[in-house]
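> Quick one: the structure is below, and I'll ask about it shortly.
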Amino acid sequence: MRKFKLFLFLTMLNTTLFSFAQNLRLMSIQEMFELADANSHSIRTFDIAEQEAAQAIKIAKNALLPSIGISFSASYLGDARITDRNFSNGENAPMPHYGNNLALEASQVIYAGGAIRSRIEMAKLGHQLARLSKENNRQDIRFLLVANYLEMYKLQNQVRVYEKNVEQTHQLLEEITAKESQGVALKNDITRYELQLRSLELALTQLRNGITILNHELVTVLGLPENTVVEVDPTLLSDLPPIPAEQQWQERAIALSPVLQQAKLGIEQSRYQEKVVKAERLPTLALIAGEYLDGPITFEVPPINKNINYWFVGVGLTFNIASTSKSGKEVKLAKLSTRRATESELLTREQVHTGVKEAYIRFCEAFTVYHTQLKSLELAHQNYAVINNRYLHELALLTDMLDASNAQLSAELQVVNARINILFHYYKLQRVTGNP
């Protein structure tokens, strides 16, 4: 008994010192979500990708703006050489030696077969896809956090049960040791329970290590100091979620699932790509204007050492004749891409529907398991009451009493775990349906 009291004292001392060294932080699931939104490097990466896609829209819209160019050059002109057509009777023709050229050109596309507008719309769809990817990643992070958070809660409950079992095994060892000294128990009995004690202590160590690992994962994702210890909200299991009809969850998935929305946007992107390819077969019409300042005037003979300034405005029409024969394959490829995107959307819809159905069935099943565990707990309480009464009247052994107590503790643990499983499957159902 003295050794056991020393063991309890050292355990309490280590726990106290550990608490001082650690930064304990009570955290609810909602607070955890908010921290993840603010600090998760994964979410930040997707946020930057969304910003890039928004910038791509601005770049695509630049094609609607006029194109203006200016150029300037200075040159040295050598003397000309004049000969007959048979290259005889050559003579030098003096030229003004210093030349200059200043050009200002502007153009504004009026019609491009819809290619510019299609590219802008594709950029907008790309921005929506980036936003949906960010939301999908955000929901993945949240579900991962919830899974670790609830798993850590389970392990903490198991630690409580194992600590109680260790305490009871110590008491049992003291009882058997006393009986062995009186000659009413065997040395083999002590060895058997010592082995059981070592097994319980090993399992307890593994559970605590598991909690440490899960805590580290939570702290890393949330961007908290490394010495932070997350404490589970004690009111977490106070209220269980309701069970809406499956059809409501299916409708939510159709409306909110980021994966399904991405598949739909993929179809739109492919259709706009078709328009871009088809636009290559059409002419491009643009307003053009220019102004030039050249010198010297070399198209006169003899050259005139002066500047000449001239300007123009007009309409330019360009048409790639080769596109009529070359773009046919590209149009066919674009149509195939649209068909593939359509089939992919139907497949995604089926997968989402199946995922929601499976998650809903597991969610309902979790309630069945919970009610079964409640009944098991009730029976464990009844068994403990019977064994305790028999033990008090010396009709049952201490081992029977400990077994009944352990069964009761285990039943209590299973009830709590069943409630945790309900929450886990609820959040999984939320994830599958795309609820934020």
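Chain lettering (A, B, ...) mirrors the order of the structure tokens, residue numbering begins at 1 for each chain separately, and ligand numbering begins at 1 in order of display.
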Give me the residues within 8 Å of Leu285 of chain A as a list of chain:residue names, counting only C-alpha atoms and dropping any in the same chain fewer than 6 places off.
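After dropping sequence-adjacent residues, the list is A:Val109, A:Ile110, A:Tyr111, A:Ala112, A:Val315, A:Gly316, A:Leu317, A:Thr318.
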> Please write the residues from the selection above to a file, keeping N, CA, C and O atoms, as a PDB file, in the first residue's frame.

```pdb
ATOM      1  N   VAL A 109      -9.252  46.135 -81.480  1.00  0.00           N
ATOM      2  CA  VAL A 109      -9.998  45.029 -82.075  1.00  0.00           C
ATOM      3  C   VAL A 109     -11.492  45.281 -81.933  1.00  0.00           C
ATOM      4  O   VAL A 109     -11.986  45.576 -80.830  1.00  0.00           O
ATOM      5  N   ILE A 110     -12.199  45.188 -83.040  1.00  0.00           N
ATOM      6  CA  ILE A 110     -13.658  45.363 -83.036  1.00  0.00           C
ATOM      7  C   ILE A 110     -14.357  44.008 -83.017  1.00  0.00           C
ATOM      8  O   ILE A 110     -15.341  43.807 -82.305  1.00  0.00           O
ATOM      9  N   TYR A 111     -13.814  43.071 -83.774  1.00  0.00           N
ATOM     10  CA  TYR A 111     -14.446  41.748 -83.869  1.00  0.00           C
ATOM     11  C   TYR A 111     -13.351  40.702 -84.012  1.00  0.00           C
ATOM     12  O   TYR A 111     -12.437  40.850 -84.826  1.00  0.00           O
ATOM     13  N   ALA A 112     -13.437  39.657 -83.159  1.00  0.00           N
ATOM     14  CA  ALA A 112     -12.461  38.566 -83.237  1.00  0.00           C
ATOM     15  C   ALA A 112     -13.149  37.219 -83.184  1.00  0.00           C
ATOM     16  O   ALA A 112     -12.585  36.231 -82.713  1.00  0.00           O
ATOM     17  N   VAL A 315      -9.330  50.799 -91.190  1.00  0.00           N
ATOM     18  CA  VAL A 315      -9.854  49.530 -90.679  1.00  0.00           C
ATOM     19  C   VAL A 315      -8.985  48.407 -91.224  1.00  0.00           C
ATOM     20  O   VAL A 315      -8.685  48.377 -92.424  1.00  0.00           O
ATOM     21  N   GLY A 316      -8.567  47.510 -90.321  1.00  0.00           N
ATOM     22  CA  GLY A 316      -7.741  46.381 -90.733  1.00  0.00           C
ATOM     23  C   GLY A 316      -8.501  45.075 -90.622  1.00  0.00           C
ATOM     24  O   GLY A 316      -9.189  44.827 -89.632  1.00  0.00           O
ATOM     25  N   LEU A 317      -8.387  44.259 -91.625  1.00  0.00           N
ATOM     26  CA  LEU A 317      -9.064  42.957 -91.645  1.00  0.00           C
ATOM     27  C   LEU A 317      -8.007  41.878 -91.884  1.00  0.00           C
ATOM     28  O   LEU A 317      -7.275  41.930 -92.867  1.00  0.00           O
ATOM     29  N   THR A 318      -7.925  40.921 -90.942  1.00  0.00           N
ATOM     30  CA  THR A 318      -6.977  39.818 -91.104  1.00  0.00           C
ATOM     31  C   THR A 318      -7.738  38.500 -91.069  1.00  0.00           C
ATOM     32  O   THR A 318      -8.707  38.334 -90.317  1.00  0.00           O
TER      33      THR A 318
END
```
> In segment 25-262 of chain A, what's helix (DSSP H, G or I) per DSSP? Answer as a count of residues only?
154
> Skipping near chain neighbours, those fewer than 5 positions away, what residues fall within 12 Å of segment 260-269 of chain A using only C-alpha atoms, listed as a PyMOL selection string?
chain A and resi 118-136+252-255+274-276+334-353+432-434
> Hey, which bits of segment 288-343 of chain A sit within 12 Å of segment 63-77 of chain A, and for each residue what's the closest pair of atoms and how far apart in Å (one decimal), counting only C-alpha atoms, rows by chain and increasing number, as a Markdown table?

```
| residue | atom | partner | partner_atom | distance |
| --- | --- | --- | --- | --- |
| A:Ile288 | CA | A:Ser67 | CA | 9.3 |
| A:Ala289 | CA | A:Ile68 | CA | 9.4 |
| A:Gly290 | CA | A:Gly69 | CA | 9.3 |
| A:Glu291 | CA | A:Ile70 | CA | 9.6 |
| A:Tyr292 | CA | A:Ser71 | CA | 9.6 |
| A:Leu293 | CA | A:Phe72 | CA | 9.3 |
| A:Asp294 | CA | A:Ser73 | CA | 9.6 |
| A:Gly295 | CA | A:Ala74 | CA | 9.6 |
| A:Pro296 | CA | A:Leu77 | CA | 9.4 |
| A:Ile297 | CA | A:Leu77 | CA | 11.7 |
| A:Thr298 | CA | A:Leu77 | CA | 10.1 |
| A:Pro303 | CA | A:Leu77 | CA | 11.4 |
| A:Asn305 | CA | A:Leu77 | CA | 11.5 |
```
> Let me see the file: selected residues, C-alpha atoms, as an mmCIF file, in the first residue's frame.

```cif
data_model
loop_
_atom_site.group_PDB
_atom_site.id
_atom_site.type_symbol
_atom_site.label_atom_id
_atom_site.label_comp_id
_atom_site.auth_asym_id
_atom_site.auth_seq_id
_atom_site.Cartn_x
_atom_site.Cartn_y
_atom_site.Cartn_z
ATOM 1 C CA ILE A 288 -5.926 51.024 -86.796
ATOM 2 C CA ALA A 289 -4.131 54.377 -86.654
ATOM 3 C CA GLY A 290 -0.527 55.465 -86.954
ATOM 4 C CA GLU A 291 1.770 58.436 -87.205
ATOM 5 C CA TYR A 292 5.345 58.387 -88.494
ATOM 6 C CA LEU A 293 8.244 60.837 -88.544
ATOM 7 C CA ASP A 294 11.099 59.701 -90.834
ATOM 8 C CA GLY A 295 14.236 61.350 -92.135
ATOM 9 C CA PRO A 296 15.937 61.749 -94.441
ATOM 10 C CA ILE A 297 13.625 61.215 -97.412
ATOM 11 C CA THR A 298 15.369 58.452 -99.284
ATOM 12 C CA PRO A 303 17.624 62.074 -101.432
ATOM 13 C CA ASN A 305 17.851 65.725 -96.174
#
```
> With DSSP run on the backbone, what are the strand (DSSP E) residues within segment 70-269 of chain A? I'd like them as an MDAnalysis selection string.
chainID A and resid 70:76 80:82 91:93 98:111 228:232
> Which one is closest to Gly210 of chain A: A:Lys154, A:Lys187, A:Arg117, A:Lys278? Count only C-alpha atoms.
A:Lys154
> Counting only C-alpha atoms, which of A:Asn215, A:Gln206, A:Thr354, A:Gln168 gets nearest to Glu246 of chain A?
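Ranking A:Asn215, A:Gln206, A:Thr354, A:Gln168 by distance to Glu246 of chain A, first place goes to A:Thr354.
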> Calculated over only C-alpha atoms, which of the candidates A:Arg25, A:His97, A:Lys179, A:Arg281 has the smallest distance to Gly113 of chain A?
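Answer, going by the shortest atom-to-atom distance: A:Arg281.
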> Quick one, how far is atom CA of Val146 of chain A from atom CA of Tyr427 of chain A?
7.6 Å
> Compare A:Leu224, A:Ile213, A:Ile116, A:Ile321 by their minimum atom-to-atom distance to Asn62 of chain A, counting only C-alpha atoms, and give me the closest one.
A:Ile116
> With only C-alpha atoms as the atoms that count, which of A:Tyr149, A:His41, A:Thr212, A:Val356 lies nearest to Asp233 of chain A?
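The answer is A:Tyr149, which sits nearest to Asp233 of chain A.
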> Got a sec: who's within 10 Å of Ile29 of chain A, counting only C-alpha atoms, leaving out chain neighbours fewer than 5 positions off, as a PDB file with N, CA, C and O atoms, in the first residue's frame?

```pdb
ATOM      1  N   GLU A  34     -11.913  28.414 -36.864  1.00  0.00           N
ATOM      2  CA  GLU A  34     -11.500  29.801 -37.093  1.00  0.00           C
ATOM      3  C   GLU A  34      -9.977  29.937 -37.109  1.00  0.00           C
ATOM      4  O   GLU A  34      -9.409  30.674 -37.931  1.00  0.00           O
ATOM      5  N   LEU A  35      -9.310  29.231 -36.203  1.00  0.00           N
ATOM      6  CA  LEU A  35      -7.846  29.259 -36.185  1.00  0.00           C
ATOM      7  C   LEU A  35      -7.269  28.649 -37.459  1.00  0.00           C
ATOM      8  O   LEU A  35      -6.274  29.144 -38.007  1.00  0.00           O
ATOM      9  N   ARG A 142     -10.828  21.059 -42.193  1.00  0.00           N
ATOM     10  CA  ARG A 142     -11.755  21.052 -41.058  1.00  0.00           C
ATOM     11  C   ARG A 142     -12.118  19.627 -40.639  1.00  0.00           C
ATOM     12  O   ARG A 142     -12.162  19.302 -39.447  1.00  0.00           O
ATOM     13  N   LEU A 145      -9.232  18.057 -38.851  1.00  0.00           N
ATOM     14  CA  LEU A 145      -9.120  18.567 -37.485  1.00  0.00           C
ATOM     15  C   LEU A 145     -10.163  17.930 -36.571  1.00  0.00           C
ATOM     16  O   LEU A 145      -9.861  17.532 -35.443  1.00  0.00           O
ATOM     17  N   VAL A 146     -11.402  17.848 -37.059  1.00  0.00           N
ATOM     18  CA  VAL A 146     -12.472  17.253 -36.249  1.00  0.00           C
ATOM     19  C   VAL A 146     -12.163  15.788 -35.949  1.00  0.00           C
ATOM     20  O   VAL A 146     -12.340  15.317 -34.812  1.00  0.00           O
ATOM     21  N   TYR A 149      -9.476  15.685 -33.356  1.00  0.00           N
ATOM     22  CA  TYR A 149     -10.020  16.227 -32.109  1.00  0.00           C
ATOM     23  C   TYR A 149     -10.874  15.180 -31.392  1.00  0.00           C
ATOM     24  O   TYR A 149     -10.724  14.933 -30.181  1.00  0.00           O
ATOM     25  N   LEU A 150     -11.761  14.525 -32.148  1.00  0.00           N
ATOM     26  CA  LEU A 150     -12.640  13.514 -31.557  1.00  0.00           C
ATOM     27  C   LEU A 150     -11.860  12.251 -31.185  1.00  0.00           C
ATOM     28  O   LEU A 150     -12.153  11.613 -30.165  1.00  0.00           O
ATOM     29  N   VAL A 232     -10.070  19.296 -24.842  1.00  0.00           N
ATOM     30  CA  VAL A 232     -11.362  19.119 -25.504  1.00  0.00           C
ATOM     31  C   VAL A 232     -12.454  19.831 -24.720  1.00  0.00           C
ATOM     32  O   VAL A 232     -12.458  19.822 -23.484  1.00  0.00           O
ATOM     33  N   ASP A 233     -13.354  20.452 -25.438  1.00  0.00           N
ATOM     34  CA  ASP A 233     -14.487  21.151 -24.823  1.00  0.00           C
ATOM     35  C   ASP A 233     -15.340  20.154 -24.035  1.00  0.00           C
ATOM     36  O   ASP A 233     -15.870  19.193 -24.612  1.00  0.00           O
ATOM     37  N   LEU A 236     -18.868  19.230 -25.279  1.00  0.00           N
ATOM     38  CA  LEU A 236     -18.935  18.739 -26.656  1.00  0.00           C
ATOM     39  C   LEU A 236     -20.093  17.770 -26.869  1.00  0.00           C
ATOM     40  O   LEU A 236     -20.784  17.819 -27.888  1.00  0.00           O
TER      41      LEU A 236
END
```
